[in-house]
$ cat entry29.cif   # mmCIF, N, CA and C atoms
data_run
#
loop_
_atom_site.label_atom_id
_atom_site.label_comp_id
_atom_site.auth_asym_id
_atom_site.auth_seq_id
_atom_site.Cartn_x
_atom_site.Cartn_y
_atom_site.Cartn_z
N MET B 14 -7.91 35.85 -54.22
CA MET B 14 -8.68 35.38 -53.08
C MET B 14 -7.73 34.74 -52.08
N GLU B 15 -7.83 35.17 -50.82
CA GLU B 15 -6.97 34.64 -49.78
C GLU B 15 -7.49 33.29 -49.29
N PRO B 16 -6.57 32.36 -48.93
CA PRO B 16 -7.03 31.07 -48.39
C PRO B 16 -7.71 31.29 -47.04
N GLU B 17 -8.74 30.54 -46.82
CA GLU B 17 -9.49 30.63 -45.57
C GLU B 17 -8.70 29.97 -44.44
N THR B 18 -8.59 30.66 -43.33
CA THR B 18 -7.88 30.08 -42.18
C THR B 18 -8.90 29.72 -41.12
N GLN B 19 -8.62 28.64 -40.44
CA GLN B 19 -9.49 28.19 -39.36
C GLN B 19 -8.77 28.39 -38.04
N ASP B 20 -9.52 28.83 -37.05
CA ASP B 20 -8.96 28.89 -35.71
C ASP B 20 -9.04 27.51 -35.11
N VAL B 21 -7.89 26.95 -34.80
CA VAL B 21 -7.83 25.63 -34.19
C VAL B 21 -7.63 25.83 -32.70
N PRO B 22 -8.57 25.37 -31.90
CA PRO B 22 -8.40 25.56 -30.45
C PRO B 22 -7.21 24.75 -29.94
N THR B 23 -6.48 25.36 -29.05
CA THR B 23 -5.37 24.65 -28.43
C THR B 23 -5.72 24.37 -26.99
N ARG B 24 -5.15 23.30 -26.47
CA ARG B 24 -5.44 22.91 -25.09
C ARG B 24 -4.23 23.21 -24.23
N PRO B 25 -4.34 24.17 -23.33
CA PRO B 25 -3.21 24.44 -22.44
C PRO B 25 -2.87 23.20 -21.62
N SER B 26 -1.57 23.05 -21.31
CA SER B 26 -1.13 21.86 -20.60
C SER B 26 -1.59 21.84 -19.14
N ASP B 27 -2.03 22.99 -18.61
CA ASP B 27 -2.42 23.00 -17.20
C ASP B 27 -3.91 22.69 -16.99
N ILE B 28 -4.61 22.35 -18.05
CA ILE B 28 -6.02 21.97 -17.91
C ILE B 28 -6.10 20.54 -17.39
N ASP B 29 -7.01 20.31 -16.47
CA ASP B 29 -7.20 18.96 -15.91
C ASP B 29 -7.81 18.07 -16.99
N ASP B 30 -7.03 17.10 -17.45
CA ASP B 30 -7.50 16.21 -18.52
C ASP B 30 -8.06 14.90 -17.98
N GLY B 31 -8.20 14.79 -16.65
CA GLY B 31 -8.75 13.58 -16.06
C GLY B 31 -7.74 12.44 -15.96
N ILE B 32 -6.50 12.71 -16.32
CA ILE B 32 -5.45 11.69 -16.25
C ILE B 32 -4.58 12.00 -15.03
N HIS B 33 -4.37 10.99 -14.21
CA HIS B 33 -3.54 11.13 -13.01
C HIS B 33 -2.19 10.51 -13.31
N ARG B 34 -1.13 11.27 -13.08
CA ARG B 34 0.22 10.81 -13.37
C ARG B 34 0.99 10.60 -12.08
N VAL B 35 1.60 9.41 -11.95
CA VAL B 35 2.37 9.07 -10.76
C VAL B 35 3.70 8.47 -11.21
N LEU B 36 4.78 8.97 -10.63
CA LEU B 36 6.09 8.39 -10.89
C LEU B 36 6.29 7.25 -9.90
N VAL B 37 6.43 6.04 -10.42
CA VAL B 37 6.65 4.85 -9.59
C VAL B 37 8.12 4.47 -9.71
N ASP B 38 8.80 4.41 -8.56
CA ASP B 38 10.21 4.04 -8.56
C ASP B 38 10.43 2.95 -7.53
N SER B 39 11.53 2.24 -7.65
CA SER B 39 11.85 1.17 -6.70
C SER B 39 13.34 1.21 -6.40
N SER B 40 13.67 0.59 -5.30
CA SER B 40 15.07 0.45 -4.92
C SER B 40 15.32 -1.03 -4.68
N PRO B 41 16.07 -1.71 -5.55
CA PRO B 41 16.74 -1.20 -6.73
C PRO B 41 15.76 -0.93 -7.88
N GLN B 42 16.22 -0.10 -8.83
CA GLN B 42 15.39 0.20 -9.99
C GLN B 42 15.38 -0.99 -10.95
N GLY B 43 14.38 -1.00 -11.84
CA GLY B 43 14.26 -2.05 -12.85
C GLY B 43 13.19 -3.07 -12.56
N ALA B 44 12.39 -2.84 -11.49
CA ALA B 44 11.31 -3.78 -11.17
C ALA B 44 10.19 -3.67 -12.20
N GLN B 45 9.58 -4.79 -12.51
CA GLN B 45 8.42 -4.83 -13.41
C GLN B 45 7.20 -4.32 -12.65
N VAL B 46 6.49 -3.36 -13.23
CA VAL B 46 5.28 -2.81 -12.62
C VAL B 46 4.08 -3.45 -13.31
N MET B 47 3.21 -4.06 -12.50
CA MET B 47 2.04 -4.76 -13.03
C MET B 47 0.77 -4.14 -12.45
N MET B 48 -0.27 -4.07 -13.28
CA MET B 48 -1.61 -3.73 -12.81
C MET B 48 -2.46 -4.95 -13.13
N GLY B 49 -2.69 -5.77 -12.10
CA GLY B 49 -3.32 -7.06 -12.34
C GLY B 49 -2.34 -7.92 -13.13
N ALA B 50 -2.78 -8.46 -14.27
CA ALA B 50 -1.91 -9.26 -15.12
C ALA B 50 -1.25 -8.44 -16.22
N LEU B 51 -1.53 -7.13 -16.25
CA LEU B 51 -1.04 -6.26 -17.31
C LEU B 51 0.30 -5.63 -16.93
N PRO B 52 1.38 -5.95 -17.67
CA PRO B 52 2.67 -5.30 -17.40
C PRO B 52 2.64 -3.86 -17.93
N LEU B 53 3.05 -2.91 -17.08
CA LEU B 53 3.05 -1.50 -17.47
C LEU B 53 4.43 -1.00 -17.89
N GLY B 54 5.49 -1.67 -17.38
CA GLY B 54 6.85 -1.23 -17.68
C GLY B 54 7.74 -1.48 -16.48
N ARG B 55 8.94 -0.91 -16.52
CA ARG B 55 9.92 -1.10 -15.44
C ARG B 55 10.23 0.24 -14.78
N THR B 56 10.53 0.16 -13.48
CA THR B 56 10.84 1.37 -12.73
C THR B 56 12.20 1.92 -13.15
N PRO B 57 12.36 3.26 -13.13
CA PRO B 57 11.36 4.26 -12.81
C PRO B 57 10.36 4.39 -13.96
N LEU B 58 9.10 4.54 -13.62
CA LEU B 58 8.03 4.53 -14.62
C LEU B 58 7.00 5.60 -14.30
N GLN B 59 6.66 6.40 -15.30
CA GLN B 59 5.57 7.37 -15.17
C GLN B 59 4.28 6.64 -15.54
N VAL B 60 3.41 6.45 -14.56
CA VAL B 60 2.15 5.75 -14.78
C VAL B 60 1.05 6.79 -14.99
N GLU B 61 0.29 6.62 -16.07
CA GLU B 61 -0.83 7.51 -16.35
C GLU B 61 -2.11 6.71 -16.22
N LEU B 62 -2.96 7.18 -15.32
CA LEU B 62 -4.21 6.48 -15.04
C LEU B 62 -5.39 7.43 -15.19
N LYS B 63 -6.46 6.92 -15.76
CA LYS B 63 -7.70 7.70 -15.81
C LYS B 63 -8.21 7.83 -14.39
N ASP B 64 -8.51 9.05 -13.98
CA ASP B 64 -8.97 9.29 -12.61
C ASP B 64 -10.40 8.79 -12.46
N LEU B 65 -10.53 7.63 -11.82
CA LEU B 65 -11.84 7.02 -11.63
C LEU B 65 -12.36 7.25 -10.21
N GLY B 66 -11.63 8.03 -9.41
CA GLY B 66 -12.06 8.31 -8.06
C GLY B 66 -11.82 7.17 -7.08
N GLN B 67 -11.02 6.20 -7.46
CA GLN B 67 -10.73 5.09 -6.56
C GLN B 67 -9.24 4.75 -6.64
N ALA B 68 -8.75 4.13 -5.59
CA ALA B 68 -7.34 3.76 -5.53
C ALA B 68 -7.04 2.65 -6.53
N VAL B 69 -5.78 2.60 -6.97
CA VAL B 69 -5.33 1.60 -7.93
C VAL B 69 -4.19 0.82 -7.29
N ARG B 70 -4.24 -0.50 -7.38
CA ARG B 70 -3.21 -1.35 -6.79
C ARG B 70 -2.26 -1.83 -7.89
N LEU B 71 -0.98 -1.63 -7.64
CA LEU B 71 0.07 -2.10 -8.54
C LEU B 71 0.95 -3.10 -7.80
N THR B 72 1.56 -4.00 -8.55
CA THR B 72 2.51 -4.95 -8.00
C THR B 72 3.85 -4.72 -8.67
N LEU B 73 4.92 -4.68 -7.86
CA LEU B 73 6.27 -4.55 -8.38
C LEU B 73 6.98 -5.88 -8.17
N GLU B 74 7.57 -6.41 -9.25
CA GLU B 74 8.23 -7.71 -9.20
C GLU B 74 9.62 -7.60 -9.81
N MET B 75 10.57 -8.30 -9.17
CA MET B 75 11.93 -8.33 -9.70
C MET B 75 12.57 -9.64 -9.25
N ASP B 76 13.27 -10.30 -10.17
CA ASP B 76 13.94 -11.56 -9.83
C ASP B 76 14.86 -11.35 -8.63
N GLY B 77 14.75 -12.27 -7.66
CA GLY B 77 15.58 -12.22 -6.48
C GLY B 77 15.03 -11.35 -5.36
N TYR B 78 13.84 -10.76 -5.58
CA TYR B 78 13.22 -9.88 -4.58
C TYR B 78 11.78 -10.29 -4.32
N VAL B 79 11.30 -9.97 -3.13
CA VAL B 79 9.92 -10.26 -2.74
C VAL B 79 9.00 -9.29 -3.49
N PRO B 80 7.96 -9.79 -4.18
CA PRO B 80 7.02 -8.89 -4.84
C PRO B 80 6.37 -7.96 -3.81
N ARG B 81 6.15 -6.70 -4.21
CA ARG B 81 5.52 -5.72 -3.33
C ARG B 81 4.30 -5.14 -4.01
N GLN B 82 3.24 -4.95 -3.22
CA GLN B 82 2.05 -4.28 -3.73
C GLN B 82 2.02 -2.87 -3.17
N VAL B 83 1.57 -1.95 -4.00
CA VAL B 83 1.44 -0.56 -3.59
C VAL B 83 0.09 -0.06 -4.11
N THR B 84 -0.58 0.72 -3.28
CA THR B 84 -1.87 1.28 -3.66
C THR B 84 -1.69 2.77 -3.92
N LEU B 85 -2.06 3.21 -5.12
CA LEU B 85 -1.94 4.61 -5.49
C LEU B 85 -3.25 5.32 -5.21
N SER B 86 -3.14 6.47 -4.57
CA SER B 86 -4.32 7.31 -4.34
C SER B 86 -4.24 8.52 -5.24
N GLY B 87 -5.33 9.25 -5.32
CA GLY B 87 -5.39 10.41 -6.21
C GLY B 87 -4.48 11.54 -5.81
N ALA B 88 -3.99 11.57 -4.59
CA ALA B 88 -3.16 12.67 -4.12
C ALA B 88 -1.68 12.47 -4.42
N GLN B 89 -1.28 11.26 -4.77
CA GLN B 89 0.14 10.97 -4.96
C GLN B 89 0.63 11.38 -6.34
N THR B 90 1.84 11.90 -6.39
CA THR B 90 2.49 12.19 -7.67
C THR B 90 3.77 11.37 -7.82
N LYS B 91 4.26 10.80 -6.70
CA LYS B 91 5.47 9.98 -6.73
C LYS B 91 5.39 8.97 -5.60
N VAL B 92 5.84 7.74 -5.90
CA VAL B 92 5.90 6.71 -4.87
C VAL B 92 7.19 5.93 -5.05
N GLY B 93 7.90 5.73 -3.93
CA GLY B 93 9.13 4.95 -3.93
C GLY B 93 8.89 3.65 -3.16
N VAL B 94 9.29 2.55 -3.75
CA VAL B 94 9.03 1.24 -3.15
C VAL B 94 10.36 0.51 -2.93
N PRO B 95 10.76 0.32 -1.66
CA PRO B 95 11.96 -0.47 -1.41
C PRO B 95 11.66 -1.96 -1.55
N LEU B 96 12.48 -2.66 -2.29
CA LEU B 96 12.29 -4.10 -2.47
C LEU B 96 13.23 -4.86 -1.54
N GLU B 97 12.72 -5.94 -0.96
CA GLU B 97 13.51 -6.76 -0.05
C GLU B 97 13.99 -8.01 -0.78
N PRO B 98 15.26 -8.38 -0.56
CA PRO B 98 15.77 -9.60 -1.19
C PRO B 98 14.96 -10.82 -0.74
N ALA B 99 14.71 -11.72 -1.67
CA ALA B 99 13.97 -12.95 -1.36
C ALA B 99 14.90 -13.94 -0.69
N MET B 100 14.36 -14.66 0.26
CA MET B 100 15.12 -15.73 0.90
C MET B 100 14.74 -17.02 0.17
N THR B 101 15.72 -17.66 -0.46
CA THR B 101 15.40 -18.85 -1.26
C THR B 101 15.67 -20.15 -0.52
N GLY B 102 16.37 -20.09 0.59
CA GLY B 102 16.63 -21.33 1.31
C GLY B 102 17.57 -21.08 2.49
N PRO B 103 17.89 -22.13 3.23
CA PRO B 103 18.72 -21.98 4.41
C PRO B 103 20.16 -21.57 4.12
N ASP B 104 20.62 -21.70 2.88
CA ASP B 104 21.99 -21.32 2.53
C ASP B 104 22.15 -19.81 2.35
N ASP B 105 21.04 -19.04 2.40
CA ASP B 105 21.08 -17.60 2.18
C ASP B 105 21.38 -16.81 3.45
N ARG B 106 21.71 -17.45 4.54
CA ARG B 106 21.90 -16.73 5.81
C ARG B 106 23.15 -15.92 5.82
#

$ encode --input "entry29.cif" --output "structure tokens"
Amino acid sequence: MEPETQDVPTRPSDIDDGIHRVLVDSSPQGAQVMMGALPLGRTPLQVELKDLGQAVRLTLEMDGYVPRQVTLSGAQTKVGVPLEPAMTGPDDR
């Protein structure tokens, strides 16, 4: 008697799985990417978000630089965020 085989359905990678992927990068690289209070990782970072039909706001933070907010829309696949050095006092001129 031959063992019974089951057909296991496979999911092609090009099927829309409802997940939106965006590459978030910064200049300089290594900024902490936050969604609200939740740290997601450091740039460059592939962010995977459930497509809820609304924009998502992320904050990029790095010591010595001004925090930057970026809003991701459903059409974006990559976003580059230039970070500006923070001015800490009058001696930084």

$ resolve_selection --input "entry29.cif" --expression "the PyMOL selection byres (((chain B and resi 86 and name CA) around 10) and name CA)" --output "list of chain:residue names"
B:His33, B:Val35, B:Asp64, B:Gly66, B:Gln67, B:Ala68, B:Val69, B:Arg70, B:Val83, B:Thr84, B:Leu85, B:Gly87, B:Ala88, B:Gln89, B:Thr90

$ write_last_selection --input "entry29.cif" --atoms "N, CA and C atoms" --output "mmCIF file, keeping the file's coordinate frame"
data_model
loop_
_atom_site.group_PDB
_atom_site.id
_atom_site.type_symbol
_atom_site.label_atom_id
_atom_site.label_comp_id
_atom_site.auth_asym_id
_atom_site.auth_seq_id
_atom_site.Cartn_x
_atom_site.Cartn_y
_atom_site.Cartn_z
ATOM 1 N N HIS B 33 -4.370 10.990 -14.210
ATOM 2 C CA HIS B 33 -3.540 11.130 -13.010
ATOM 3 C C HIS B 33 -2.190 10.510 -13.310
ATOM 4 N N VAL B 35 1.600 9.410 -11.950
ATOM 5 C CA VAL B 35 2.370 9.070 -10.760
ATOM 6 C C VAL B 35 3.700 8.470 -11.210
ATOM 7 N N ASP B 64 -8.510 9.050 -13.980
ATOM 8 C CA ASP B 64 -8.970 9.290 -12.610
ATOM 9 C C ASP B 64 -10.400 8.790 -12.460
ATOM 10 N N GLY B 66 -11.630 8.030 -9.410
ATOM 11 C CA GLY B 66 -12.060 8.310 -8.060
ATOM 12 C C GLY B 66 -11.820 7.170 -7.080
ATOM 13 N N GLN B 67 -11.020 6.200 -7.460
ATOM 14 C CA GLN B 67 -10.730 5.090 -6.560
ATOM 15 C C GLN B 67 -9.240 4.750 -6.640
ATOM 16 N N ALA B 68 -8.750 4.130 -5.590
ATOM 17 C CA ALA B 68 -7.340 3.760 -5.530
ATOM 18 C C ALA B 68 -7.040 2.650 -6.530
ATOM 19 N N VAL B 69 -5.780 2.600 -6.970
ATOM 20 C CA VAL B 69 -5.330 1.600 -7.930
ATOM 21 C C VAL B 69 -4.190 0.820 -7.290
ATOM 22 N N ARG B 70 -4.240 -0.500 -7.380
ATOM 23 C CA ARG B 70 -3.210 -1.350 -6.790
ATOM 24 C C ARG B 70 -2.260 -1.830 -7.890
ATOM 25 N N VAL B 83 1.570 -1.950 -4.000
ATOM 26 C CA VAL B 83 1.440 -0.560 -3.590
ATOM 27 C C VAL B 83 0.090 -0.060 -4.110
ATOM 28 N N THR B 84 -0.580 0.720 -3.280
ATOM 29 C CA THR B 84 -1.870 1.280 -3.660
ATOM 30 C C THR B 84 -1.690 2.770 -3.920
ATOM 31 N N LEU B 85 -2.060 3.210 -5.120
ATOM 32 C CA LEU B 85 -1.940 4.610 -5.490
ATOM 33 C C LEU B 85 -3.250 5.320 -5.210
ATOM 34 N N GLY B 87 -5.330 9.250 -5.320
ATOM 35 C CA GLY B 87 -5.390 10.410 -6.210
ATOM 36 C C GLY B 87 -4.480 11.540 -5.810
ATOM 37 N N ALA B 88 -3.990 11.570 -4.590
ATOM 38 C CA ALA B 88 -3.160 12.670 -4.120
ATOM 39 C C ALA B 88 -1.680 12.470 -4.420
ATOM 40 N N GLN B 89 -1.280 11.260 -4.770
ATOM 41 C CA GLN B 89 0.140 10.970 -4.960
ATOM 42 C C GLN B 89 0.630 11.380 -6.340
ATOM 43 N N THR B 90 1.840 11.900 -6.390
ATOM 44 C CA THR B 90 2.490 12.190 -7.670
ATOM 45 C C THR B 90 3.770 11.370 -7.820
#

$ residues_around --input "entry29.cif" --residues "Gln42 of chain B" --least-positions-apart "3" --cutoff "6.5 Å" --atoms "all atoms listed in the file" --output "PyMOL selection string"
chain B and resi 38-39+56-57

$ resolve_selection --input "entry29.cif" --expression "the PyMOL selection byres ((chain B and resi 44) around 5)" --output "list in words"
Gln42, Gly43, Gln45, Val46, Arg55, Thr56, Glu74 and Met75 of chain B

$ atom_distance --input "entry29.cif" --atom1 "atom C of Val60 of chain B" --atom2 "atom N of Leu36 of chain B"
6.1 Å

$ resolve_selection --input "entry29.cif" --expression "the PyMOL selection byres ((chain B and resi 81) around 8)" --output "PyMOL selection string"
chain B and resi 71-75+78-80+82-84+94-97

$ write_last_selection --input "entry29.cif" --atoms "N, CA and C atoms" --output "tab-separated table (two decimals), keeping the file's coordinate frame"
chain	number	residue	atom	x	y	z
B	71	LEU	N	-0.98	-1.63	-7.64
B	71	LEU	CA	0.07	-2.10	-8.54
B	71	LEU	C	0.95	-3.10	-7.80
B	72	THR	N	1.56	-4.00	-8.55
B	72	THR	CA	2.51	-4.95	-8.00
B	72	THR	C	3.85	-4.72	-8.67
B	73	LEU	N	4.92	-4.68	-7.86
B	73	LEU	CA	6.27	-4.55	-8.38
B	73	LEU	C	6.98	-5.88	-8.17
B	74	GLU	N	7.57	-6.41	-9.25
B	74	GLU	CA	8.23	-7.71	-9.20
B	74	GLU	C	9.62	-7.60	-9.81
B	75	MET	N	10.57	-8.30	-9.17
B	75	MET	CA	11.93	-8.33	-9.70
B	75	MET	C	12.57	-9.64	-9.25
B	78	TYR	N	13.84	-10.76	-5.58
B	78	TYR	CA	13.22	-9.88	-4.58
B	78	TYR	C	11.78	-10.29	-4.32
B	79	VAL	N	11.30	-9.97	-3.13
B	79	VAL	CA	9.92	-10.26	-2.74
B	79	VAL	C	9.00	-9.29	-3.49
B	80	PRO	N	7.96	-9.79	-4.18
B	80	PRO	CA	7.02	-8.89	-4.84
B	80	PRO	C	6.37	-7.96	-3.81
B	82	GLN	N	3.24	-4.95	-3.22
B	82	GLN	CA	2.05	-4.28	-3.73
B	82	GLN	C	2.02	-2.87	-3.17
B	83	VAL	N	1.57	-1.95	-4.00
B	83	VAL	CA	1.44	-0.56	-3.59
B	83	VAL	C	0.09	-0.06	-4.11
B	84	THR	N	-0.58	0.72	-3.28
B	84	THR	CA	-1.87	1.28	-3.66
B	84	THR	C	-1.69	2.77	-3.92
B	94	VAL	N	9.29	2.55	-3.75
B	94	VAL	CA	9.03	1.24	-3.15
B	94	VAL	C	10.36	0.51	-2.93
B	95	PRO	N	10.76	0.32	-1.66
B	95	PRO	CA	11.96	-0.47	-1.41
B	95	PRO	C	11.66	-1.96	-1.55
B	96	LEU	N	12.48	-2.66	-2.29
B	96	LEU	CA	12.29	-4.10	-2.47
B	96	LEU	C	13.23	-4.86	-1.54
B	97	GLU	N	12.72	-5.94	-0.96
B	97	GLU	CA	13.51	-6.76	-0.05
B	97	GLU	C	13.99	-8.01	-0.78

$ atom_distance --input "entry29.cif" --atom1 "atom C of Met48 of chain B" --atom2 "atom N of Asp76 of chain B"
16.9 Å

$ atom_distance --input "entry29.cif" --atom1 "atom N of Glu61 of chain B" --atom2 "atom N of Gly77 of chain B"
25.2 Å

$ axis_aligned_box --input "entry29.cif" --around "segment 45-54 of chain B" --padding-each-side "3 Å" --output "AutoDock Vina command-line options"
--center_x 3.1 --center_y -5.1 --center_z -15.0 --size_x 18.9 --size_y 14.3 --size_z 11.8

$ select_by_dssp --input "entry29.cif" --residues "segment 73-102 of chain B" --states "strand (DSSP E)" --output "list in words"
Leu73, Glu74, Arg81, Gln82, Val83, Thr84, Leu85, Lys91, Val92, Gly93, Val94 and Pro95 of chain B

$ decode --input "entry29.cif" --residues "segment 34-51 of chain B" --atoms "N, CA and C atoms" --output "PDB file, in the first residue's frame"
ATOM      1  N   ARG B  34       5.284  46.962   2.331  1.00  0.00           N
ATOM      2  CA  ARG B  34       6.695  46.988   2.703  1.00  0.00           C
ATOM      3  C   ARG B  34       7.335  48.280   2.212  1.00  0.00           C
ATOM      4  N   VAL B  35       8.027  48.969   3.127  1.00  0.00           N
ATOM      5  CA  VAL B  35       8.699  50.224   2.796  1.00  0.00           C
ATOM      6  C   VAL B  35      10.110  50.173   3.365  1.00  0.00           C
ATOM      7  N   LEU B  36      11.083  50.519   2.521  1.00  0.00           N
ATOM      8  CA  LEU B  36      12.457  50.626   2.985  1.00  0.00           C
ATOM      9  C   LEU B  36      12.648  52.040   3.522  1.00  0.00           C
ATOM     10  N   VAL B  37      12.948  52.145   4.811  1.00  0.00           N
ATOM     11  CA  VAL B  37      13.171  53.441   5.453  1.00  0.00           C
ATOM     12  C   VAL B  37      14.676  53.585   5.659  1.00  0.00           C
ATOM     13  N   ASP B  38      15.229  54.675   5.112  1.00  0.00           N
ATOM     14  CA  ASP B  38      16.658  54.924   5.256  1.00  0.00           C
ATOM     15  C   ASP B  38      16.864  56.354   5.735  1.00  0.00           C
ATOM     16  N   SER B  39      18.025  56.627   6.280  1.00  0.00           N
ATOM     17  CA  SER B  39      18.337  57.980   6.756  1.00  0.00           C
ATOM     18  C   SER B  39      19.772  58.313   6.391  1.00  0.00           C
ATOM     19  N   SER B  40      20.042  59.589   6.401  1.00  0.00           N
ATOM     20  CA  SER B  40      21.395  60.067   6.187  1.00  0.00           C
ATOM     21  C   SER B  40      21.744  60.979   7.349  1.00  0.00           C
ATOM     22  N   PRO B  41      22.638  60.561   8.251  1.00  0.00           N
ATOM     23  CA  PRO B  41      23.392  59.314   8.248  1.00  0.00           C
ATOM     24  C   PRO B  41      22.519  58.118   8.653  1.00  0.00           C
ATOM     25  N   GLN B  42      22.999  56.925   8.288  1.00  0.00           N
ATOM     26  CA  GLN B  42      22.278  55.708   8.647  1.00  0.00           C
ATOM     27  C   GLN B  42      22.475  55.402  10.129  1.00  0.00           C
ATOM     28  N   GLY B  43      21.576  54.567  10.668  1.00  0.00           N
ATOM     29  CA  GLY B  43      21.664  54.149  12.066  1.00  0.00           C
ATOM     30  C   GLY B  43      20.652  54.817  12.973  1.00  0.00           C
ATOM     31  N   ALA B  44      19.731  55.610  12.392  1.00  0.00           N
ATOM     32  CA  ALA B  44      18.706  56.263  13.207  1.00  0.00           C
ATOM     33  C   ALA B  44      17.695  55.241  13.717  1.00  0.00           C
ATOM     34  N   GLN B  45      17.222  55.444  14.925  1.00  0.00           N
ATOM     35  CA  GLN B  45      16.173  54.603  15.512  1.00  0.00           C
ATOM     36  C   GLN B  45      14.844  54.978  14.874  1.00  0.00           C
ATOM     37  N   VAL B  46      14.115  53.980  14.368  1.00  0.00           N
ATOM     38  CA  VAL B  46      12.803  54.202  13.766  1.00  0.00           C
ATOM     39  C   VAL B  46      11.743  53.821  14.794  1.00  0.00           C
ATOM     40  N   MET B  47      10.849  54.767  15.071  1.00  0.00           N
ATOM     41  CA  MET B  47       9.808  54.559  16.083  1.00  0.00           C
ATOM     42  C   MET B  47       8.432  54.712  15.437  1.00  0.00           C
ATOM     43  N   MET B  48       7.492  53.890  15.873  1.00  0.00           N
ATOM     44  CA  MET B  48       6.081  54.072  15.533  1.00  0.00           C
ATOM     45  C   MET B  48       5.380  54.303  16.859  1.00  0.00           C
ATOM     46  N   GLY B  49       5.110  55.574  17.148  1.00  0.00           N
ATOM     47  CA  GLY B  49       4.629  55.929  18.479  1.00  0.00           C
ATOM     48  C   GLY B  49       5.759  55.679  19.468  1.00  0.00           C
ATOM     49  N   ALA B  50       5.483  54.887  20.514  1.00  0.00           N
ATOM     50  CA  ALA B  50       6.512  54.555  21.499  1.00  0.00           C
ATOM     51  C   ALA B  50       7.205  53.232  21.187  1.00  0.00           C
ATOM     52  N   LEU B  51       6.817  52.597  20.078  1.00  0.00           N
ATOM     53  CA  LEU B  51       7.345  51.283  19.719  1.00  0.00           C
ATOM     54  C   LEU B  51       8.578  51.399  18.827  1.00  0.00           C
TER      55      LEU B  51
END
